[in-house]
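Undergrad: Could you have a look at this structure, given as structure tokens, before my questions?
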Amino acid sequence: MAVRDKSGRLIRVDDPRFDPIWEKAGDLGDPVLIHTSDPAAFFMPVDRFNPRYVTLRYKRPDWIFYGPKFPEKMELLEQRNRIIERHPRTIFIGVHHGNYAALKKAYGMPWHISSR
């Protein structure tokens, strides 16, 4: 979440400029390990209700992705899903249970997302 274009805008996960990379990986049969997001707490206000408060407040404030400078967690995951849909021949491996282990457990999401 640190890569920005010349105008200072954050480059989106589903930016079409990355498409040739995803296509080439599919052509070669090389899987892509993709880390699209971080724990939900990193996208929440850093207050006493945040389950990672101590870590974010005192140890790793650089892990805070809450606020107008950053997209919301679900938007990042939707961007990732659009990549997967656009590149059905490419194998994407979503680290940390596709970056939303808590949602997977709560809603019984599949272990993988596939457009095949």
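Identifiers in this document derive from the order of the structure tokens: chains are assigned A, B, ..., residues are numbered from 1 separately in each chain, and ligands are numbered from 1 in order of occurrence.
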Which of chain A end up as strand (DSSP E) when DSSP is run on this backbone - answer as a list in words?
TA: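 Here is the list: Val32, Leu33, Ile34, Phe92, Ile93 and Gly94 of chain A.
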Undergrad: Determine the nearest neighbour of Pro39 of chain A from the options A:Ile84, A:Lys6, A:Arg89, A:His96, counting only C-alpha atoms.
TA: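 Nearest to Pro39 of chain A: A:His96.
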Undergrad: So that I can check the secondary structure, give me every residue of chain A assigned helix (DSSP H, G or I) by backbone DSSP, as JSON, numbers by chain.
TA: {"A": [16, 17, 18, 19, 20, 21, 22, 23, 24, 25, 26, 27, 28, 40, 41, 42, 43, 53, 54, 55, 56, 57, 58, 59, 61, 62, 63, 73, 74, 75, 76, 77, 78, 79, 80, 81, 82, 83, 84, 85, 86, 95, 96, 97, 98, 99, 101, 102, 103, 104, 105, 106, 107]}
Undergrad: For the selection you just gave me, I'd like the residues written to a file as a short mmCIF file (atom, residue, chain, number, x, y, z; two decimals), in the first residue's frame, keeping N, CA and C atoms.
TA:
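File produced: selection.cif:
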data_model
loop_
_atom_site.label_atom_id
_atom_site.label_comp_id
_atom_site.auth_asym_id
_atom_site.auth_seq_id
_atom_site.Cartn_x
_atom_site.Cartn_y
_atom_site.Cartn_z
N PRO A 16 -4.69 -2.26 -14.61
CA PRO A 16 -4.45 -3.00 -15.86
C PRO A 16 -2.99 -3.06 -16.29
N ARG A 17 -2.16 -2.18 -15.77
CA ARG A 17 -0.73 -2.23 -16.12
C ARG A 17 -0.07 -3.51 -15.62
N PHE A 18 -0.69 -4.17 -14.63
CA PHE A 18 -0.15 -5.44 -14.13
C PHE A 18 -0.62 -6.65 -14.95
N ASP A 19 -1.64 -6.46 -15.79
CA ASP A 19 -2.23 -7.58 -16.53
C ASP A 19 -1.21 -8.40 -17.32
N PRO A 20 -0.24 -7.78 -18.00
CA PRO A 20 0.74 -8.61 -18.72
C PRO A 20 1.53 -9.56 -17.81
N ILE A 21 1.75 -9.15 -16.58
CA ILE A 21 2.46 -10.02 -15.63
C ILE A 21 1.60 -11.23 -15.29
N TRP A 22 0.31 -10.98 -14.98
CA TRP A 22 -0.59 -12.09 -14.63
C TRP A 22 -0.77 -13.01 -15.82
N GLU A 23 -0.87 -12.45 -17.03
CA GLU A 23 -1.02 -13.26 -18.24
C GLU A 23 0.21 -14.14 -18.47
N LYS A 24 1.38 -13.55 -18.33
CA LYS A 24 2.62 -14.32 -18.55
C LYS A 24 2.73 -15.46 -17.55
N ALA A 25 2.36 -15.20 -16.30
CA ALA A 25 2.39 -16.26 -15.29
C ALA A 25 1.45 -17.39 -15.70
N GLY A 26 0.28 -17.04 -16.22
CA GLY A 26 -0.66 -18.05 -16.70
C GLY A 26 -0.10 -18.83 -17.89
N ASP A 27 0.54 -18.11 -18.81
CA ASP A 27 1.14 -18.77 -19.98
C ASP A 27 2.21 -19.77 -19.56
N LEU A 28 3.00 -19.40 -18.57
CA LEU A 28 4.10 -20.26 -18.11
C LEU A 28 3.64 -21.35 -17.14
N ALA A 40 -7.95 -7.43 9.56
CA ALA A 40 -9.01 -6.41 9.63
C ALA A 40 -8.70 -5.31 10.64
N ALA A 41 -8.06 -5.67 11.74
CA ALA A 41 -7.76 -4.67 12.78
C ALA A 41 -6.87 -3.55 12.26
N PHE A 42 -6.06 -3.82 11.25
CA PHE A 42 -5.17 -2.79 10.71
C PHE A 42 -5.95 -1.73 9.94
N PHE A 43 -7.20 -2.02 9.60
CA PHE A 43 -8.06 -1.10 8.85
C PHE A 43 -9.11 -0.44 9.75
N TYR A 53 -4.63 -3.11 19.30
CA TYR A 53 -4.30 -1.76 19.77
C TYR A 53 -2.85 -1.62 20.21
N VAL A 54 -2.38 -2.49 21.07
CA VAL A 54 -1.02 -2.37 21.61
C VAL A 54 0.01 -2.46 20.49
N THR A 55 -0.16 -3.42 19.62
CA THR A 55 0.77 -3.58 18.50
C THR A 55 0.79 -2.34 17.62
N LEU A 56 -0.40 -1.88 17.22
CA LEU A 56 -0.48 -0.75 16.30
C LEU A 56 -0.08 0.58 16.95
N ARG A 57 -0.45 0.77 18.17
CA ARG A 57 -0.17 2.04 18.84
C ARG A 57 1.29 2.18 19.25
N TYR A 58 1.88 1.08 19.75
CA TYR A 58 3.21 1.19 20.35
C TYR A 58 4.34 0.48 19.59
N LYS A 59 3.99 -0.56 18.85
CA LYS A 59 5.06 -1.34 18.22
C LYS A 59 5.14 -1.15 16.71
N PRO A 61 3.15 1.17 14.28
CA PRO A 61 2.21 2.14 13.72
C PRO A 61 2.24 2.18 12.18
N ASP A 62 3.30 1.66 11.58
CA ASP A 62 3.38 1.60 10.13
C ASP A 62 2.42 0.57 9.54
N TRP A 63 1.79 -0.23 10.38
CA TRP A 63 0.80 -1.21 9.93
C TRP A 63 -0.61 -0.65 9.94
N LYS A 73 -10.46 -2.45 3.47
CA LYS A 73 -10.04 -3.85 3.30
C LYS A 73 -10.87 -4.57 2.24
N MET A 74 -12.19 -4.45 2.31
CA MET A 74 -13.04 -5.17 1.36
C MET A 74 -12.81 -4.68 -0.06
N GLU A 75 -12.50 -3.41 -0.25
CA GLU A 75 -12.20 -2.91 -1.59
C GLU A 75 -10.94 -3.58 -2.13
N LEU A 76 -9.93 -3.75 -1.29
CA LEU A 76 -8.71 -4.44 -1.73
C LEU A 76 -9.02 -5.88 -2.15
N LEU A 77 -9.87 -6.55 -1.37
CA LEU A 77 -10.20 -7.93 -1.70
C LEU A 77 -11.04 -8.01 -2.98
N GLU A 78 -11.90 -7.01 -3.20
CA GLU A 78 -12.66 -6.96 -4.45
C GLU A 78 -11.74 -6.73 -5.64
N GLN A 79 -10.72 -5.89 -5.47
CA GLN A 79 -9.74 -5.68 -6.53
C GLN A 79 -9.03 -6.99 -6.85
N ARG A 80 -8.64 -7.71 -5.81
CA ARG A 80 -8.00 -9.02 -6.01
C ARG A 80 -8.91 -9.97 -6.76
N ASN A 81 -10.18 -9.98 -6.39
CA ASN A 81 -11.13 -10.88 -7.05
C ASN A 81 -11.29 -10.54 -8.53
N ARG A 82 -11.23 -9.24 -8.86
CA ARG A 82 -11.33 -8.85 -10.27
C ARG A 82 -10.13 -9.36 -11.06
N ILE A 83 -8.96 -9.37 -10.46
CA ILE A 83 -7.77 -9.91 -11.13
C ILE A 83 -7.99 -11.40 -11.42
N ILE A 84 -8.46 -12.12 -10.43
CA ILE A 84 -8.67 -13.56 -10.58
C ILE A 84 -9.69 -13.83 -11.69
N GLU A 85 -10.74 -13.02 -11.75
CA GLU A 85 -11.76 -13.19 -12.79
C GLU A 85 -11.20 -12.87 -14.18
N ARG A 86 -10.34 -11.86 -14.28
CA ARG A 86 -9.80 -11.45 -15.58
C ARG A 86 -8.75 -12.42 -16.11
N VAL A 95 -2.45 -15.70 0.12
CA VAL A 95 -1.84 -16.01 1.42
C VAL A 95 -2.81 -15.68 2.56
N HIS A 96 -2.58 -16.28 3.70
CA HIS A 96 -3.41 -16.06 4.90
C HIS A 96 -4.89 -16.32 4.60
N HIS A 97 -5.19 -17.44 3.99
CA HIS A 97 -6.58 -17.81 3.66
C HIS A 97 -7.22 -16.77 2.76
N GLY A 98 -6.48 -16.29 1.79
CA GLY A 98 -7.04 -15.30 0.88
C GLY A 98 -7.17 -13.93 1.52
N ASN A 99 -6.46 -13.71 2.59
CA ASN A 99 -6.41 -12.44 3.30
C ASN A 99 -7.65 -12.11 4.10
N ALA A 101 -9.12 -14.60 6.78
CA ALA A 101 -9.36 -15.86 7.49
C ALA A 101 -10.60 -15.78 8.38
N ALA A 102 -10.82 -14.65 9.04
CA ALA A 102 -11.96 -14.53 9.94
C ALA A 102 -13.27 -14.63 9.18
N LEU A 103 -13.35 -14.02 8.03
CA LEU A 103 -14.56 -14.08 7.22
C LEU A 103 -14.78 -15.48 6.69
N LYS A 104 -13.70 -16.13 6.29
CA LYS A 104 -13.79 -17.51 5.80
C LYS A 104 -14.39 -18.41 6.86
N LYS A 105 -13.90 -18.28 8.07
CA LYS A 105 -14.38 -19.12 9.16
C LYS A 105 -15.84 -18.80 9.49
N ALA A 106 -16.16 -17.52 9.55
CA ALA A 106 -17.51 -17.12 9.94
C ALA A 106 -18.56 -17.49 8.91
N TYR A 107 -18.21 -17.41 7.63
CA TYR A 107 -19.20 -17.62 6.59
C TYR A 107 -18.98 -18.87 5.75
#
Undergrad: Between atom CA of Ser37 of chain A and atom CA of Pro51 of chain A, what is the distance, to one decimal in Å?
TA: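 Going from atom CA of Ser37 of chain A over to atom CA of Pro51 of chain A covers 17.1 Å.
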Undergrad: Between A:Ile64, A:Ile91, A:Val13, A:Val3, which has the minimum distance to Met44 of chain A (counting only C-alpha atoms)?
TA: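 Of all the options, A:Ile64 lies closest to Met44 of chain A.
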Undergrad: Ranking A:His87, A:Pro31, A:Val46, A:Asp15 by minimum distance to Gly67 of chain A and counting only C-alpha atoms, which one comes first?
TA: A:Val46
Undergrad: Which one is closest to Pro68 of chain A: A:Thr36, A:Pro45, A:Arg12, A:Phe92? Count only C-alpha atoms.
TA: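 Residue with the minimum atom-to-atom distance to Pro68 of chain A: A:Pro45.
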Undergrad: Env of Leu10 of chain A: 8 Å cut, atoms = only C-alpha atoms, seq-sep filter 3 positions within chain, self excluded. Answer as number ranges by chain.
TA: A: 1-5, 70
Undergrad: To one decimal in Å, tell me the separation between atom CA of Tyr66 of chain A and atom CA of Ile11 of chain A.
TA: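 Computing the Euclidean distance for atom CA of Tyr66 of chain A and atom CA of Ile11 of chain A yields 17.0 Å.
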Undergrad: How many Å lie between atom CA of Glu72 of chain A and atom CA of Leu33 of chain A, rounded to one decimal?
TA: 21.3 Å
